[in-house]
Amino acid sequence: MLTGPSGVGKSSLALGSGLPVVALDDFYKEGRDPTLPQLPNGGGPDWDSPLSWDAGAALAALDALCRTGRTAVPVYDFARNARTGTATIDRAGAPAVVAEGIFAADLLAACRAQGLLADALCLCGSPLTTFRRRLVRDLREGRKPPLYLVRRGLRLLRGERAVVARQTALGALACSGQEVVSRLAAAAGPAAVPGQRSR
């Protein structure tokens with residue numbers, strides 16, 4: 001499990017590991033879901049709340065992938081706040097899989113109880129660097145209108161240390177990027193085979 005603040009670089013490190021990757025952000029609830037938490041004063045959906053995603057479905061997908069070698073996951077379009085299809089992730093004989101996302105730490109206890117958890121890492125960095133990376137990514141991908149992204153980014157910048165504190169309290173180990181790379185390489189081993197994701 002690889003967690004950390006939004007924009008800190010989790011996806012890039014996970015994809016570079018040579019292991020199958022489950023992007024837990026694809027389990028976000030759709031914008032029309034009545035259970036989606038809302039920001040105060042009409043600020044719209046609170047995408048940074050742990051209640052904004054389907055943790056049960058994510059856990060079921062991870063369990064299937066680890067135990068059967070394959071699983072189906074949703075494909076999420078952030079600009080549309082909607083799931084647009086499904087994809088299949090194949091473990092392909094890899095010794096481990098990486099589940100990455102800002103809410104990954106919320107699954108640690110359940111994954112440990114089900115015998116799925118090998119390691120739990122929280123990628124940490126400079127909040128200002130994370131702010132810049134997140135804004136560039138979100139603008140490039142057109143996730144939301146620019147003013148919304150700037151306001152959200154400033155809010156996340158102010159709260160980043162609290163996010164890391166929460167994730168480590170849930171059991172994730174705070175790590176630098178280099179330490180994450182080293183631990184993922186150890187999990188992959190010399191015989192790791194990248195997983196395949198098809199739509």
# chains A, B, ... in the order shown; residues from 1 in each chain; ligands from 1
$ select_by_dssp --residues "stretch 43-164 of chain A" --states "strand (DSSP E or B)" --output "ChimeraX atom specification"
/A:45,53,70-77,82-90,98-100,121-123
$ write_last_selection --atoms "N, CA and C atoms" --output "mmCIF file, in the first residue's frame"
data_model
loop_
_atom_site.group_PDB
_atom_site.id
_atom_site.type_symbol
_atom_site.label_atom_id
_atom_site.label_comp_id
_atom_site.auth_asym_id
_atom_site.auth_seq_id
_atom_site.Cartn_x
_atom_site.Cartn_y
_atom_site.Cartn_z
ATOM 1 N N PRO A 45 -18.476 18.963 -3.972
ATOM 2 C CA PRO A 45 -18.051 17.707 -3.346
ATOM 3 C C PRO A 45 -16.699 17.833 -2.646
ATOM 4 N N TRP A 53 -15.006 7.937 -1.444
ATOM 5 C CA TRP A 53 -14.685 6.800 -2.313
ATOM 6 C C TRP A 53 -15.302 5.527 -1.737
ATOM 7 N N ARG A 70 -6.457 -11.860 -10.940
ATOM 8 C CA ARG A 70 -7.093 -10.875 -11.828
ATOM 9 C C ARG A 70 -8.194 -10.145 -11.070
ATOM 10 N N THR A 71 -8.460 -8.924 -11.510
ATOM 11 C CA THR A 71 -9.581 -8.194 -10.925
ATOM 12 C C THR A 71 -10.053 -7.119 -11.895
ATOM 13 N N ALA A 72 -11.303 -6.733 -11.762
ATOM 14 C CA ALA A 72 -11.872 -5.639 -12.546
ATOM 15 C C ALA A 72 -11.929 -4.396 -11.671
ATOM 16 N N VAL A 73 -11.564 -3.253 -12.246
ATOM 17 C CA VAL A 73 -11.596 -1.985 -11.521
ATOM 18 C C VAL A 73 -12.311 -0.951 -12.388
ATOM 19 N N PRO A 74 -12.910 0.058 -11.757
ATOM 20 C CA PRO A 74 -13.521 1.123 -12.548
ATOM 21 C C PRO A 74 -12.463 2.020 -13.179
ATOM 22 N N VAL A 75 -12.848 2.713 -14.224
ATOM 23 C CA VAL A 75 -12.034 3.764 -14.835
ATOM 24 C C VAL A 75 -12.742 5.087 -14.557
ATOM 25 N N TYR A 76 -12.059 5.999 -13.859
ATOM 26 C CA TYR A 76 -12.705 7.222 -13.378
ATOM 27 C C TYR A 76 -12.230 8.430 -14.175
ATOM 28 N N ASP A 77 -13.171 9.267 -14.583
ATOM 29 C CA ASP A 77 -12.878 10.513 -15.286
ATOM 30 C C ASP A 77 -13.078 11.657 -14.298
ATOM 31 N N ALA A 82 -17.139 10.992 -12.870
ATOM 32 C CA ALA A 82 -17.925 9.809 -13.208
ATOM 33 C C ALA A 82 -17.017 8.649 -13.622
ATOM 34 N N ARG A 83 -17.540 7.449 -13.406
ATOM 35 C CA ARG A 83 -16.885 6.255 -13.913
ATOM 36 C C ARG A 83 -17.288 6.071 -15.368
ATOM 37 N N THR A 84 -16.299 5.836 -16.220
ATOM 38 C CA THR A 84 -16.568 5.776 -17.653
ATOM 39 C C THR A 84 -16.401 4.373 -18.225
ATOM 40 N N GLY A 85 -16.066 3.412 -17.406
ATOM 41 C CA GLY A 85 -15.888 2.048 -17.891
ATOM 42 C C GLY A 85 -15.209 1.210 -16.837
ATOM 43 N N THR A 86 -14.687 0.075 -17.264
ATOM 44 C CA THR A 86 -13.947 -0.806 -16.365
ATOM 45 C C THR A 86 -12.659 -1.252 -17.044
ATOM 46 N N ALA A 87 -11.717 -1.665 -16.236
ATOM 47 C CA ALA A 87 -10.454 -2.196 -16.725
ATOM 48 C C ALA A 87 -10.147 -3.471 -15.959
ATOM 49 N N THR A 88 -9.334 -4.327 -16.562
ATOM 50 C CA THR A 88 -8.909 -5.556 -15.910
ATOM 51 C C THR A 88 -7.431 -5.457 -15.575
ATOM 52 N N ILE A 89 -7.092 -5.754 -14.329
ATOM 53 C CA ILE A 89 -5.695 -5.795 -13.911
ATOM 54 C C ILE A 89 -5.317 -7.254 -13.696
ATOM 55 N N ASP A 90 -4.209 -7.652 -14.309
ATOM 56 C CA ASP A 90 -3.723 -9.024 -14.249
ATOM 57 C C ASP A 90 -2.420 -9.048 -13.446
ATOM 58 N N VAL A 98 0.931 -3.164 -6.087
ATOM 59 C CA VAL A 98 0.945 -1.867 -5.406
ATOM 60 C C VAL A 98 -0.443 -1.251 -5.523
ATOM 61 N N ALA A 99 -1.055 -0.978 -4.386
ATOM 62 C CA ALA A 99 -2.304 -0.224 -4.344
ATOM 63 C C ALA A 99 -1.948 1.180 -3.880
ATOM 64 N N GLU A 100 -2.200 2.176 -4.731
ATOM 65 C CA GLU A 100 -1.773 3.529 -4.382
ATOM 66 C C GLU A 100 -2.946 4.503 -4.454
ATOM 67 N N LEU A 121 3.355 2.220 3.042
ATOM 68 C CA LEU A 121 4.259 3.355 2.928
ATOM 69 C C LEU A 121 3.477 4.643 2.709
ATOM 70 N N CYS A 122 3.948 5.715 3.333
ATOM 71 C CA CYS A 122 3.377 7.045 3.125
ATOM 72 C C CYS A 122 4.462 7.923 2.526
ATOM 73 N N LEU A 123 4.308 8.280 1.253
ATOM 74 C CA LEU A 123 5.289 9.113 0.567
ATOM 75 C C LEU A 123 5.155 10.557 1.056
#
$ closest_atom_pairs --of "stretch 3-68 of chain A" --to "stretch 136-148 of chain A" --cutoff "10 Å" --atoms "only C-alpha atoms" --output "tab-separated table"
residue	atom	partner	partner_atom	distance
A:Gly7	CA	A:Arg137	CA	7.7
A:Gly43	CA	A:Tyr148	CA	9.4
A:Gly44	CA	A:Tyr148	CA	10.0
$ write_last_selection --atoms "N, CA, C and O atoms" --output "mmCIF file, in the first residue's frame"
data_model
loop_
_atom_site.group_PDB
_atom_site.id
_atom_site.type_symbol
_atom_site.label_atom_id
_atom_site.label_comp_id
_atom_site.auth_asym_id
_atom_site.auth_seq_id
_atom_site.Cartn_x
_atom_site.Cartn_y
_atom_site.Cartn_z
ATOM 1 N N GLY A 7 -0.862 14.511 -5.129
ATOM 2 C CA GLY A 7 0.143 15.190 -5.932
ATOM 3 C C GLY A 7 1.577 14.965 -5.503
ATOM 4 O O GLY A 7 2.493 15.513 -6.114
ATOM 5 N N GLY A 43 -19.547 24.602 -1.404
ATOM 6 C CA GLY A 43 -18.256 24.478 -2.088
ATOM 7 C C GLY A 43 -18.132 23.276 -2.996
ATOM 8 O O GLY A 43 -17.093 23.073 -3.619
ATOM 9 N N GLY A 44 -19.189 22.461 -3.089
ATOM 10 C CA GLY A 44 -19.146 21.301 -3.965
ATOM 11 C C GLY A 44 -18.658 20.064 -3.233
ATOM 12 O O GLY A 44 -18.450 20.075 -2.020
#
$ atom_distance --atom1 "atom CA of A:Leu107" --atom2 "atom CA of A:Thr129"
26.7 Å
$ closest_residue --among "A:Ala186, A:Ala120, A:Val181, A:Cys111" --to "A:Gly16" --atoms "only C-alpha atoms"
A:Val181
$ select_by_dssp --residues "stretch 109-195 of chain A" --states "alpha helix (DSSP H)" --output "ChimeraX atom specification"
/A:109-113,127-140,146-169,177-188
$ closest_residue --among "A:Ser182, A:Ala187, A:Thr3, A:Ala118" --to "A:Leu170" --atoms "only C-alpha atoms"
A:Thr3
$ closest_residue --among "A:Ala162, A:Leu51, A:Ala23, A:Val8" --to "A:Leu36" --atoms "only C-alpha atoms"
A:Leu51
$ closest_residue --among "A:Ala79, A:Ala104, A:Ala169, A:Ala185" --to "A:Lys10" --atoms "only C-alpha atoms"
A:Ala104
$ atom_distance --atom1 "atom CA of A:Arg152" --atom2 "atom CA of A:Ser12"
21.6 Å
